[in-house]
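Data block below; observations after.
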Amino acid sequence: MTRRIALSVGDPNGIGPEIVLKAAEALRSDDSVRIAVFGPPDVLERAAAVSRLQGVLAQLDLRPAGELPRAAARSGQVCAEAGASAVASATAAIQAVRTGEFDAVVAGPHHETAIAQAGIPFRGYPSLVARVCGQPEDSVFLLLVGGGLRIVHVTLHESVAHALARITPDLVVAATEAGVRACRAMGVGEPSVALFGINPHASEGGLFGPEDQELVVPAVQRLRERGIAVAGPLGADVLLAGHWHDLYVAMLHDQGHIPIKVVAPQAASAISIGADVLLASTGHGSAMDIAGQGKARPDALLRSLRLLAGIP
């Protein structure tokens, strides 16, 4: 069965347009996936010229979205117009999945500062998926996949202080259950799960604070009552030392991002889970320092496309 993927370019001033074209070229002859690209046509034309991929662009199913004013279209420039374009392109792709025209979204890398400059509330693609799907933001979570690891995040792009104020046993349970459902969808029938502690050594029995006992331990008990095989809370360093589990649950952004980026540099997939629309992106950013130079590699984006299309 052919999988239909809506592919948005991400920040138009970053490497997104270039790696979108390169990924589309890599899958051009694969009949198991059909790709439509959502983004500003003029930006894609510029990327095609730099990367010598005009032939690929001519054959694309291009859906104009996220128009970018000519004055703001400058490779490597961080600006509000580019941030708004990235959100508009991804939103159009998500809506196309909601109407049933496509099966899933793969989104190019965005730039947090550009989106913030546009005045758009945004805590990563999971928050956007939730908003477009009409769900609470804390019902959609980020799952990073790479280097043999799967790590779902309870909190994401926010200060540590704000994240700690938001963590509850309910939120930990919701993130874990979303991760378990995603694992099952990827072929892991009954995943073994481990929860990272919030504090070092998972608070060392309360020596380093009460947060793990008050917030994570009740979540572990509830998950076990629901038949999920859960270990923890334990220190992330201890749990990751052996790669014993199918799924890890990180309480904070860096707990999950650092190990994935160490074991799978520039090659991880970032999947928004918990909504009716499945969206995957790259585990890296928009690389403004090399944007527009024709040398960006599409590895992570291609991995995300293959993952959602079911291609080995």
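Residues in the structure tokens are named by chain (A, B, ... in the order shown) and by number from 1 within that chain; ligands are numbered from 1 in the order shown.
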For stretch 72-76 of chain A, find every residue with an atom within 8 Å (counting only C-alpha atoms), except residues of its own chain fewer than 4 positions away, and show them as a PyMOL selection string. chain A and resi 12-14+43+68+81-82+287-292
List the spatial neighbours of A:Ile15 as a PyMOL selection string - criterion: any atom at most 12 Å away, only C-alpha atoms, same-chain residues fewer than 6 positions off excluded. chain A and resi 9+21-22+43-44+46-48+50-51+74-77+108-111+282+284-298+301
With the cut-off set at 12 Å and counting only C-alpha atoms, tabulate each residue of stretch 33-145 of chain A with an atom at most that distance from an atom of stretch 234-257 of chain A, showing the nearest atom pair and its distance in Å to one decimal, ordered by chain and increasing number, as a Markdown table.
```
| residue | atom | partner | partner_atom | distance |
| --- | --- | --- | --- | --- |
| A:Arg123 | CA | A:His253 | CA | 11.1 |
| A:Gly124 | CA | A:His253 | CA | 11.1 |
| A:Phe141 | CA | A:Val249 | CA | 10.7 |
| A:Leu142 | CA | A:His253 | CA | 9.6 |
| A:Leu143 | CA | A:Gly256 | CA | 9.0 |
| A:Leu144 | CA | A:His257 | CA | 7.6 |
| A:Val145 | CA | A:Leu247 | CA | 9.6 |
```
Requested write-out: C-alpha atoms of the selected residues, as a short mmCIF file (atom, residue, chain, number, x, y, z; two decimals), in the first residue's frame:
```cif
data_model
loop_
_atom_site.label_atom_id
_atom_site.label_comp_id
_atom_site.auth_asym_id
_atom_site.auth_seq_id
_atom_site.Cartn_x
_atom_site.Cartn_y
_atom_site.Cartn_z
CA ARG A 123 6.89 24.65 22.16
CA GLY A 124 8.02 22.50 19.27
CA PHE A 141 4.49 14.52 23.28
CA LEU A 142 7.84 14.28 21.52
CA LEU A 143 9.38 10.87 20.87
CA LEU A 144 12.99 10.82 19.68
CA VAL A 145 14.15 7.71 17.81
#
```
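For the atom pair formed by atom CA of A:Val106 and atom CA of A:Val37, the distance is 9.6 Å, given to one decimal.
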Contact residues around A:Ala275 with only C-alpha atoms at 12 Å, ignoring same-chain residues under 6 positions, as a tab-separated table (two decimals) with N, CA and C atoms, in the first residue's frame:
```tsv
chain	number	residue	atom	x	y	z
A	94	ILE	N	-0.52	19.50	8.19
A	94	ILE	CA	-1.31	18.81	9.22
A	94	ILE	C	-2.79	18.79	8.83
A	97	VAL	N	-3.64	16.16	6.33
A	97	VAL	CA	-3.79	14.83	6.92
A	97	VAL	C	-5.16	14.71	7.58
A	98	ARG	N	-5.59	15.74	8.23
A	98	ARG	CA	-6.88	15.70	8.92
A	98	ARG	C	-8.04	15.52	7.95
A	104	ALA	N	0.28	11.04	6.88
A	104	ALA	CA	1.16	11.55	7.94
A	104	ALA	C	1.92	12.77	7.43
A	125	TYR	N	7.07	21.13	17.53
A	125	TYR	CA	5.98	20.64	16.69
A	125	TYR	C	4.86	19.95	17.46
A	126	PRO	N	5.12	19.24	18.58
A	126	PRO	CA	3.99	18.64	19.31
A	126	PRO	C	2.93	19.66	19.71
A	127	SER	N	3.36	20.85	20.13
A	127	SER	CA	2.38	21.87	20.53
A	127	SER	C	1.56	22.33	19.33
A	128	LEU	N	2.19	22.42	18.16
A	128	LEU	CA	1.47	22.84	16.96
A	128	LEU	C	0.47	21.76	16.53
A	129	VAL	N	0.89	20.50	16.55
A	129	VAL	CA	-0.01	19.40	16.21
A	129	VAL	C	-1.24	19.43	17.12
A	130	ALA	N	-1.01	19.61	18.41
A	130	ALA	CA	-2.12	19.65	19.36
A	130	ALA	C	-3.08	20.80	19.03
A	131	ARG	N	-2.52	21.96	18.76
A	131	ARG	CA	-3.36	23.13	18.51
A	131	ARG	C	-4.18	22.95	17.23
A	132	VAL	N	-3.56	22.48	16.16
A	132	VAL	CA	-4.28	22.31	14.90
A	132	VAL	C	-5.34	21.21	15.03
A	133	CYS	N	-5.06	20.20	15.83
A	133	CYS	CA	-6.01	19.09	16.01
A	133	CYS	C	-7.05	19.39	17.08
A	134	GLY	N	-6.97	20.56	17.72
A	134	GLY	CA	-7.95	20.93	18.73
A	134	GLY	C	-7.81	20.17	20.04
A	135	GLN	N	-6.58	19.75	20.35
A	135	GLN	CA	-6.31	19.03	21.60
A	135	GLN	C	-5.53	19.90	22.56
A	136	PRO	N	-5.58	19.58	23.87
A	136	PRO	CA	-4.72	20.29	24.82
A	136	PRO	C	-3.24	20.05	24.47
A	137	GLU	N	-2.42	21.07	24.65
A	137	GLU	CA	-1.00	20.94	24.30
A	137	GLU	C	-0.31	19.83	25.08
A	138	ASP	N	-0.74	19.61	26.33
A	138	ASP	CA	-0.07	18.60	27.14
A	138	ASP	C	-0.58	17.18	26.86
A	139	SER	N	-1.29	17.02	25.72
A	139	SER	CA	-1.72	15.67	25.34
A	139	SER	C	-0.89	15.12	24.17
A	140	VAL	N	0.03	15.93	23.65
A	140	VAL	CA	0.89	15.52	22.54
A	140	VAL	C	2.34	15.64	22.99
A	141	PHE	N	3.13	14.62	22.73
A	141	PHE	CA	4.49	14.52	23.28
A	141	PHE	C	5.50	14.26	22.17
A	142	LEU	N	6.76	14.53	22.47
A	142	LEU	CA	7.84	14.28	21.52
A	142	LEU	C	8.53	12.96	21.82
A	174	ALA	N	0.49	10.01	31.04
A	174	ALA	CA	0.02	10.28	29.68
A	174	ALA	C	1.16	10.17	28.68
A	175	ALA	N	2.33	10.73	29.01
A	175	ALA	CA	3.48	10.66	28.11
A	175	ALA	C	3.93	9.22	27.91
A	178	ALA	N	1.42	7.28	25.75
A	178	ALA	CA	1.55	7.67	24.34
A	178	ALA	C	2.78	7.01	23.72
A	179	GLY	N	3.87	6.94	24.49
A	179	GLY	CA	5.08	6.29	24.01
A	179	GLY	C	4.89	4.80	23.79
A	181	ARG	N	2.04	3.29	23.05
A	181	ARG	CA	1.21	3.13	21.84
A	181	ARG	C	2.06	3.31	20.59
A	182	ALA	N	2.97	4.28	20.61
A	182	ALA	CA	3.83	4.50	19.45
A	182	ALA	C	4.76	3.31	19.23
```
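Between atom CA of A:Val180 and atom CA of A:Pro200 lies a distance of 24.9 Å.
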Can you tell me which residues surround A:Ser8 at a distance of at most 8 Å, considering only C-alpha atoms, apart from same-chain residues fewer than 4 positions away, and format the answer as a PyMOL selection string? chain A and resi 20+37-39+86+89-90+93+105-108
Let me see the file: selected residues, C-alpha atoms, as an mmCIF file, in the first residue's frame.
```
data_model
loop_
_atom_site.group_PDB
_atom_site.id
_atom_site.type_symbol
_atom_site.label_atom_id
_atom_site.label_comp_id
_atom_site.auth_asym_id
_atom_site.auth_seq_id
_atom_site.Cartn_x
_atom_site.Cartn_y
_atom_site.Cartn_z
ATOM 1 C CA VAL A 20 13.378 18.331 1.367
ATOM 2 C CA VAL A 37 5.744 19.262 -0.560
ATOM 3 C CA PHE A 38 4.157 22.164 1.351
ATOM 4 C CA GLY A 39 6.141 25.405 1.237
ATOM 5 C CA ALA A 86 7.460 27.490 8.807
ATOM 6 C CA SER A 89 3.562 25.311 5.941
ATOM 7 C CA ALA A 90 3.411 22.732 8.731
ATOM 8 C CA ALA A 93 0.360 19.821 5.943
ATOM 9 C CA VAL A 105 3.314 14.680 8.063
ATOM 10 C CA VAL A 106 7.085 14.979 7.892
ATOM 11 C CA ALA A 107 8.218 18.510 8.745
ATOM 12 C CA GLY A 108 11.539 20.154 7.974
#
```
